[in-house]
>>> print(open('final.cif').read())   # mmCIF, C-alpha atoms
data_upload
#
loop_
_atom_site.group_PDB
_atom_site.id
_atom_site.type_symbol
_atom_site.label_atom_id
_atom_site.label_comp_id
_atom_site.auth_asym_id
_atom_site.auth_seq_id
_atom_site.Cartn_x
_atom_site.Cartn_y
_atom_site.Cartn_z
ATOM 1 C CA MET A 1 0.000 0.000 0.000
ATOM 2 C CA ARG A 2 1.378 3.407 -0.995
ATOM 3 C CA THR A 3 1.338 6.318 1.332
ATOM 4 C CA PHE A 4 1.720 9.907 0.334
ATOM 5 C CA ARG A 5 3.379 12.536 2.402
ATOM 6 C CA ILE A 6 1.688 15.915 2.347
ATOM 7 C CA LEU A 7 4.144 18.776 2.154
ATOM 8 C CA GLN A 8 3.817 21.322 4.888
ATOM 9 C CA VAL A 9 4.341 25.004 4.200
ATOM 10 C CA SER A 10 7.343 24.895 6.521
ATOM 11 C CA ASP A 11 8.885 22.098 4.385
ATOM 12 C CA LEU A 12 8.878 24.324 1.310
ATOM 13 C CA GLY A 13 10.664 27.180 3.011
ATOM 14 C CA VAL A 14 13.455 25.203 4.692
ATOM 15 C CA SER A 15 15.784 24.895 1.716
ATOM 16 C CA PHE A 16 14.784 28.288 0.353
ATOM 17 C CA LYS A 17 15.819 30.004 3.589
ATOM 18 C CA LYS A 18 19.235 28.336 3.449
ATOM 19 C CA ASP A 19 19.824 29.318 -0.186
ATOM 20 C CA ARG A 20 22.460 32.061 -0.229
ATOM 21 C CA VAL A 21 21.418 33.343 -3.676
ATOM 22 C CA ALA A 22 17.876 33.846 -2.410
ATOM 23 C CA LEU A 23 19.071 35.694 0.663
ATOM 24 C CA VAL A 24 21.312 38.046 -1.330
ATOM 25 C CA ALA A 25 18.675 38.706 -4.002
ATOM 26 C CA VAL A 26 15.913 39.467 -1.518
ATOM 27 C CA SER A 27 18.279 41.662 0.516
ATOM 28 C CA PHE A 28 19.251 43.743 -2.514
ATOM 29 C CA TRP A 29 15.627 43.981 -3.640
ATOM 30 C CA LEU A 30 14.543 45.307 -0.244
ATOM 31 C CA PHE A 31 17.518 47.678 -0.052
ATOM 32 C CA PHE A 32 16.753 49.256 -3.438
ATOM 33 C CA LEU A 33 13.033 49.381 -2.685
ATOM 34 C CA PHE A 34 13.437 51.117 0.663
ATOM 35 C CA SER A 35 16.122 53.466 -0.619
ATOM 36 C CA SER A 36 13.822 54.681 -3.410
ATOM 37 C CA ILE A 37 10.929 55.089 -0.962
ATOM 38 C CA PHE A 38 13.174 56.934 1.498
ATOM 39 C CA TYR A 39 14.524 59.235 -1.218
ATOM 40 C CA LEU A 40 11.015 59.922 -2.451
ATOM 41 C CA LEU A 41 9.736 60.676 1.048
ATOM 42 C CA ILE A 42 12.536 63.154 1.665
ATOM 43 C CA TYR A 43 12.124 65.153 -1.548
ATOM 44 C CA PHE A 44 8.393 64.710 -2.251
ATOM 45 C CA PRO A 45 7.210 67.920 -0.490
ATOM 46 C CA ASN A 46 9.766 70.014 -2.413
ATOM 47 C CA LEU A 47 8.849 68.688 -5.872
ATOM 48 C CA PRO A 48 6.910 70.863 -8.302
ATOM 49 C CA VAL A 49 3.311 70.005 -9.118
ATOM 50 C CA SER A 50 4.216 68.529 -12.524
ATOM 51 C CA ILE A 51 7.246 66.342 -13.150
ATOM 52 C CA PRO A 52 8.605 64.749 -16.338
ATOM 53 C CA LEU A 53 7.587 61.107 -16.115
ATOM 54 C CA PHE A 54 6.644 59.964 -19.614
ATOM 55 C CA PHE A 55 9.956 60.201 -21.475
ATOM 56 C CA SER A 56 8.693 58.204 -24.465
ATOM 57 C CA ARG A 57 6.327 61.046 -25.407
ATOM 58 C CA SER A 58 7.365 64.095 -27.374
ATOM 59 C CA TRP A 59 9.243 66.823 -25.533
ATOM 60 C CA GLY A 60 7.269 69.330 -23.505
ATOM 61 C CA GLU A 61 3.941 69.186 -21.796
ATOM 62 C CA PRO A 62 3.006 65.619 -22.926
ATOM 63 C CA GLN A 63 5.866 64.302 -20.768
ATOM 64 C CA LEU A 64 4.549 65.897 -17.592
ATOM 65 C CA ALA A 65 2.519 64.157 -14.916
ATOM 66 C CA GLN A 66 1.424 65.032 -11.410
ATOM 67 C CA LYS A 67 4.046 64.331 -8.776
ATOM 68 C CA ILE A 68 1.856 61.701 -7.079
ATOM 69 C CA TYR A 69 2.417 59.428 -10.099
ATOM 70 C CA LEU A 70 6.060 59.077 -9.091
ATOM 71 C CA TRP A 71 4.856 56.631 -6.431
ATOM 72 C CA VAL A 72 3.910 54.182 -9.190
ATOM 73 C CA LEU A 73 7.559 53.131 -9.512
ATOM 74 C CA PRO A 74 8.136 51.997 -5.899
ATOM 75 C CA VAL A 75 4.658 50.476 -5.602
ATOM 76 C CA GLY A 76 5.132 48.563 -8.861
ATOM 77 C CA ASN A 77 8.554 47.489 -7.651
ATOM 78 C CA LEU A 78 7.029 46.176 -4.429
ATOM 79 C CA PHE A 79 4.266 44.314 -6.263
ATOM 80 C CA LEU A 80 6.644 42.771 -8.800
ATOM 81 C CA GLY A 81 9.098 41.758 -6.092
ATOM 82 C CA VAL A 82 6.416 40.068 -3.987
ATOM 83 C CA VAL A 83 5.126 38.161 -7.022
ATOM 84 C CA ASN A 84 8.617 37.076 -8.123
ATOM 85 C CA VAL A 85 9.704 35.982 -4.648
ATOM 86 C CA SER A 86 6.419 34.102 -4.142
ATOM 87 C CA PHE A 87 6.869 32.239 -7.410
ATOM 88 C CA ALA A 88 10.518 31.576 -6.561
ATOM 89 C CA ILE A 89 9.532 30.054 -3.205
ATOM 90 C CA SER A 90 6.900 27.838 -4.788
ATOM 91 C CA LEU A 91 9.256 26.701 -7.574
ATOM 92 C CA HIS A 92 12.356 26.253 -5.427
ATOM 93 C CA ARG A 93 11.975 22.520 -4.802
ATOM 94 C CA SER A 94 10.856 21.545 -8.295
ATOM 95 C CA ASN A 95 12.898 23.905 -10.469
ATOM 96 C CA GLN A 96 15.731 25.607 -8.651
ATOM 97 C CA PHE A 97 17.168 27.157 -11.840
ATOM 98 C CA LEU A 98 13.942 29.009 -12.677
ATOM 99 C CA SER A 99 13.612 30.043 -9.057
ATOM 100 C CA ARG A 100 17.077 31.592 -9.118
ATOM 101 C CA ILE A 101 16.370 33.385 -12.393
ATOM 102 C CA LEU A 102 13.268 34.968 -10.858
ATOM 103 C CA LEU A 103 15.300 35.942 -7.822
ATOM 104 C CA ALA A 104 18.081 37.436 -9.950
ATOM 105 C CA ILE A 105 15.681 39.540 -12.015
ATOM 106 C CA THR A 106 14.007 41.060 -8.953
ATOM 107 C CA PRO A 107 16.924 43.196 -7.644
ATOM 108 C CA ILE A 108 17.856 44.254 -11.189
ATOM 109 C CA ILE A 109 14.376 45.635 -11.803
ATOM 110 C CA SER A 110 14.415 47.160 -8.335
ATOM 111 C CA LEU A 111 17.726 48.896 -9.054
ATOM 112 C CA LEU A 112 16.389 50.309 -12.321
ATOM 113 C CA SER A 113 13.242 51.538 -10.597
ATOM 114 C CA ALA A 114 15.241 53.193 -7.807
ATOM 115 C CA LEU A 115 17.577 54.850 -10.319
ATOM 116 C CA SER A 116 14.586 56.151 -12.256
ATOM 117 C CA VAL A 117 13.068 57.694 -9.133
ATOM 118 C CA ILE A 118 16.379 59.265 -8.123
ATOM 119 C CA ASN A 119 17.079 60.619 -11.617
ATOM 120 C CA ILE A 120 13.619 62.131 -12.009
ATOM 121 C CA ILE A 121 13.825 63.801 -8.603
ATOM 122 C CA ASN A 122 17.334 65.124 -9.300
ATOM 123 C CA LEU A 123 16.162 66.438 -12.659
ATOM 124 C CA VAL A 124 13.481 68.680 -11.142
ATOM 125 C CA LYS A 125 14.921 69.685 -7.772
#
>>> encode(input="final.cif", output="structure tokens")
Amino acid sequence: MRTFRILQVSDLGVSFKKDRVALVAVSFWLFFLFSSIFYLLIYFPNLPVSIPLFFSRSWGEPQLAQKIYLWVLPVGNLFLGVVNVSFAISLHRSNQFLSRILLAITPIISLLSALSVINIINLVK
């Protein structure tokens, strides 16, 4: 007679927590996320009402957006990071390579988002 072992949630996270690549990737993701939020919180009250956000549009007024839309970058970064890390945790046992790719992409996108926030703020301050 065959018996099946049901995986506990704690069983899935054991090897993921010990994975050094996962720890470094999540650490860098959180560092870049919080640094962009911190930078935005410091300079947000001093920003003008309209900021250049849409650089793919033609030069001038079509590029401008209200300063509140600058929060889309850190919030999108947070959402994307949570989704990628969640998928990486769920895939870690079955496909460690794909899990590490998801984890490697997360801090890269976070770095680009943080640099975008910093560059836009430095452009208008």
>>> resolve_selection(input="final.cif", expression="the PyMOL selection byres ((chain A and resi 43) around 12)", output="list in words")
Ser36, Ile37, Phe38, Tyr39, Leu40, Leu41, Ile42, Phe44, Pro45, Asn46, Leu47, Pro48, Lys67, Leu70, Val117, Ile118, Ile120, Ile121, Asn122, Leu123, Val124 and Lys125 of chain A
>>> resolve_selection(input="final.cif", expression="the PyMOL selection byres ((chain A and resi 105) around 12)", output="JSON list (two decimals) with C-alpha atoms, keeping the file's coordinate frame")
[["chain", "number", "residue", "atom", "x", "y", "z"],
["A", 21, "VAL", "CA", 21.42, 33.34, -3.68],
["A", 22, "ALA", "CA", 17.88, 33.85, -2.41],
["A", 25, "ALA", "CA", 18.68, 38.71, -4.00],
["A", 26, "VAL", "CA", 15.91, 39.47, -1.52],
["A", 28, "PHE", "CA", 19.25, 43.74, -2.51],
["A", 29, "TRP", "CA", 15.63, 43.98, -3.64],
["A", 77, "ASN", "CA", 8.55, 47.49, -7.65],
["A", 80, "LEU", "CA", 6.64, 42.77, -8.80],
["A", 81, "GLY", "CA", 9.10, 41.76, -6.09],
["A", 83, "VAL", "CA", 5.13, 38.16, -7.02],
["A", 84, "ASN", "CA", 8.62, 37.08, -8.12],
["A", 85, "VAL", "CA", 9.70, 35.98, -4.65],
["A", 88, "ALA", "CA", 10.52, 31.58, -6.56],
["A", 98, "LEU", "CA", 13.94, 29.01, -12.68],
["A", 99, "SER", "CA", 13.61, 30.04, -9.06],
["A", 100, "ARG", "CA", 17.08, 31.59, -9.12],
["A", 101, "ILE", "CA", 16.37, 33.38, -12.39],
["A", 102, "LEU", "CA", 13.27, 34.97, -10.86],
["A", 103, "LEU", "CA", 15.30, 35.94, -7.82],
["A", 104, "ALA", "CA", 18.08, 37.44, -9.95],
["A", 106, "THR", "CA", 14.01, 41.06, -8.95],
["A", 107, "PRO", "CA", 16.92, 43.20, -7.64],
["A", 108, "ILE", "CA", 17.86, 44.25, -11.19],
["A", 109, "ILE", "CA", 14.38, 45.64, -11.80],
["A", 110, "SER", "CA", 14.42, 47.16, -8.34],
["A", 111, "LEU", "CA", 17.73, 48.90, -9.05],
["A", 112, "LEU", "CA", 16.39, 50.31, -12.32]]
>>> atom_distance(input="final.cif", atom1="CA of Leu78 in chain A", atom2="CA of Ser113 in chain A")
10.3 Å
>>> resolve_selection(input="final.cif", expression="the PyMOL selection byres ((chain A and resi 52) around 8)", output="PDB file with C-alpha atoms, in the frame of the given file")
ATOM      1  CA  SER A  50       4.216  68.529 -12.524  1.00  0.00           C
ATOM      2  CA  ILE A  51       7.246  66.342 -13.150  1.00  0.00           C
ATOM      3  CA  LEU A  53       7.587  61.107 -16.115  1.00  0.00           C
ATOM      4  CA  PHE A  54       6.644  59.964 -19.614  1.00  0.00           C
ATOM      5  CA  PHE A  55       9.956  60.201 -21.475  1.00  0.00           C
ATOM      6  CA  GLN A  63       5.866  64.302 -20.768  1.00  0.00           C
ATOM      7  CA  LEU A  64       4.549  65.897 -17.592  1.00  0.00           C
ATOM      8  CA  ALA A  65       2.519  64.157 -14.916  1.00  0.00           C
ATOM      9  CA  ILE A 120      13.619  62.131 -12.009  1.00  0.00           C
TER      10      ILE A 120
END
>>> atom_distance(input="final.cif", atom1="CA of Val82 in chain A", atom2="CA of Leu30 in chain A")
10.4 Å
>>> build_atoms(input="final.cif", residues="range 78-102 of chain A", atoms="N, CA and C atoms", output="PDB file, in the coordinates of the input")
ATOM      1  N   LEU A  78       7.454  47.019  -5.541  1.00  0.00           N
ATOM      2  CA  LEU A  78       7.029  46.176  -4.429  1.00  0.00           C
ATOM      3  C   LEU A  78       6.153  45.030  -4.914  1.00  0.00           C
ATOM      4  N   PHE A  79       5.173  45.341  -5.752  1.00  0.00           N
ATOM      5  CA  PHE A  79       4.266  44.314  -6.263  1.00  0.00           C
ATOM      6  C   PHE A  79       5.022  43.264  -7.074  1.00  0.00           C
ATOM      7  N   LEU A  80       5.888  43.707  -7.972  1.00  0.00           N
ATOM      8  CA  LEU A  80       6.644  42.771  -8.800  1.00  0.00           C
ATOM      9  C   LEU A  80       7.585  41.907  -7.960  1.00  0.00           C
ATOM     10  N   GLY A  81       8.210  42.516  -6.961  1.00  0.00           N
ATOM     11  CA  GLY A  81       9.098  41.758  -6.092  1.00  0.00           C
ATOM     12  C   GLY A  81       8.365  40.696  -5.292  1.00  0.00           C
ATOM     13  N   VAL A  82       7.199  41.039  -4.752  1.00  0.00           N
ATOM     14  CA  VAL A  82       6.416  40.068  -3.987  1.00  0.00           C
ATOM     15  C   VAL A  82       5.983  38.911  -4.881  1.00  0.00           C
ATOM     16  N   VAL A  83       5.547  39.219  -6.095  1.00  0.00           N
ATOM     17  CA  VAL A  83       5.126  38.161  -7.022  1.00  0.00           C
ATOM     18  C   VAL A  83       6.309  37.271  -7.397  1.00  0.00           C
ATOM     19  N   ASN A  84       7.448  37.871  -7.735  1.00  0.00           N
ATOM     20  CA  ASN A  84       8.617  37.076  -8.123  1.00  0.00           C
ATOM     21  C   ASN A  84       9.133  36.213  -6.976  1.00  0.00           C
ATOM     22  N   VAL A  85       9.215  36.763  -5.789  1.00  0.00           N
ATOM     23  CA  VAL A  85       9.704  35.982  -4.648  1.00  0.00           C
ATOM     24  C   VAL A  85       8.709  34.878  -4.294  1.00  0.00           C
ATOM     25  N   SER A  86       7.421  35.142  -4.409  1.00  0.00           N
ATOM     26  CA  SER A  86       6.419  34.102  -4.142  1.00  0.00           C
ATOM     27  C   SER A  86       6.537  32.954  -5.136  1.00  0.00           C
ATOM     28  N   PHE A  87       6.682  33.290  -6.416  1.00  0.00           N
ATOM     29  CA  PHE A  87       6.869  32.239  -7.410  1.00  0.00           C
ATOM     30  C   PHE A  87       8.184  31.499  -7.179  1.00  0.00           C
ATOM     31  N   ALA A  88       9.220  32.214  -6.805  1.00  0.00           N
ATOM     32  CA  ALA A  88      10.518  31.576  -6.561  1.00  0.00           C
ATOM     33  C   ALA A  88      10.429  30.600  -5.392  1.00  0.00           C
ATOM     34  N   ILE A  89       9.700  30.961  -4.348  1.00  0.00           N
ATOM     35  CA  ILE A  89       9.532  30.054  -3.205  1.00  0.00           C
ATOM     36  C   ILE A  89       8.769  28.814  -3.619  1.00  0.00           C
ATOM     37  N   SER A  90       7.707  28.991  -4.394  1.00  0.00           N
ATOM     38  CA  SER A  90       6.900  27.838  -4.788  1.00  0.00           C
ATOM     39  C   SER A  90       7.626  26.937  -5.787  1.00  0.00           C
ATOM     40  N   LEU A  91       8.532  27.494  -6.579  1.00  0.00           N
ATOM     41  CA  LEU A  91       9.256  26.701  -7.574  1.00  0.00           C
ATOM     42  C   LEU A  91      10.598  26.172  -7.072  1.00  0.00           C
ATOM     43  N   HIS A  92      11.003  26.551  -5.881  1.00  0.00           N
ATOM     44  CA  HIS A  92      12.356  26.253  -5.427  1.00  0.00           C
ATOM     45  C   HIS A  92      12.654  24.757  -5.363  1.00  0.00           C
ATOM     46  N   ARG A  93      11.734  23.972  -4.897  1.00  0.00           N
ATOM     47  CA  ARG A  93      11.975  22.520  -4.802  1.00  0.00           C
ATOM     48  C   ARG A  93      11.941  21.835  -6.163  1.00  0.00           C
ATOM     49  N   SER A  94      11.021  22.239  -7.016  1.00  0.00           N
ATOM     50  CA  SER A  94      10.856  21.545  -8.295  1.00  0.00           C
ATOM     51  C   SER A  94      11.800  22.051  -9.380  1.00  0.00           C
ATOM     52  N   ASN A  95      12.066  23.337  -9.416  1.00  0.00           N
ATOM     53  CA  ASN A  95      12.898  23.905 -10.469  1.00  0.00           C
ATOM     54  C   ASN A  95      13.752  25.031  -9.876  1.00  0.00           C
ATOM     55  N   GLN A  96      14.882  24.647  -9.339  1.00  0.00           N
ATOM     56  CA  GLN A  96      15.731  25.607  -8.651  1.00  0.00           C
ATOM     57  C   GLN A  96      16.335  26.627  -9.615  1.00  0.00           C
ATOM     58  N   PHE A  97      16.599  26.232 -10.856  1.00  0.00           N
ATOM     59  CA  PHE A  97      17.168  27.157 -11.840  1.00  0.00           C
ATOM     60  C   PHE A  97      16.203  28.301 -12.140  1.00  0.00           C
ATOM     61  N   LEU A  98      14.948  27.980 -12.412  1.00  0.00           N
ATOM     62  CA  LEU A  98      13.942  29.009 -12.677  1.00  0.00           C
ATOM     63  C   LEU A  98      13.713  29.892 -11.451  1.00  0.00           C
ATOM     64  N   SER A  99      13.754  29.279 -10.294  1.00  0.00           N
ATOM     65  CA  SER A  99      13.612  30.043  -9.057  1.00  0.00           C
ATOM     66  C   SER A  99      14.736  31.063  -8.912  1.00  0.00           C
ATOM     67  N   ARG A 100      15.950  30.665  -9.225  1.00  0.00           N
ATOM     68  CA  ARG A 100      17.077  31.592  -9.118  1.00  0.00           C
ATOM     69  C   ARG A 100      17.039  32.672 -10.195  1.00  0.00           C
ATOM     70  N   ILE A 101      16.521  32.363 -11.357  1.00  0.00           N
ATOM     71  CA  ILE A 101      16.370  33.385 -12.393  1.00  0.00           C
ATOM     72  C   ILE A 101      15.370  34.450 -11.935  1.00  0.00           C
ATOM     73  N   LEU A 102      14.247  34.017 -11.381  1.00  0.00           N
ATOM     74  CA  LEU A 102      13.268  34.968 -10.858  1.00  0.00           C
ATOM     75  C   LEU A 102      13.876  35.822  -9.757  1.00  0.00           C
TER      76      LEU A 102
END
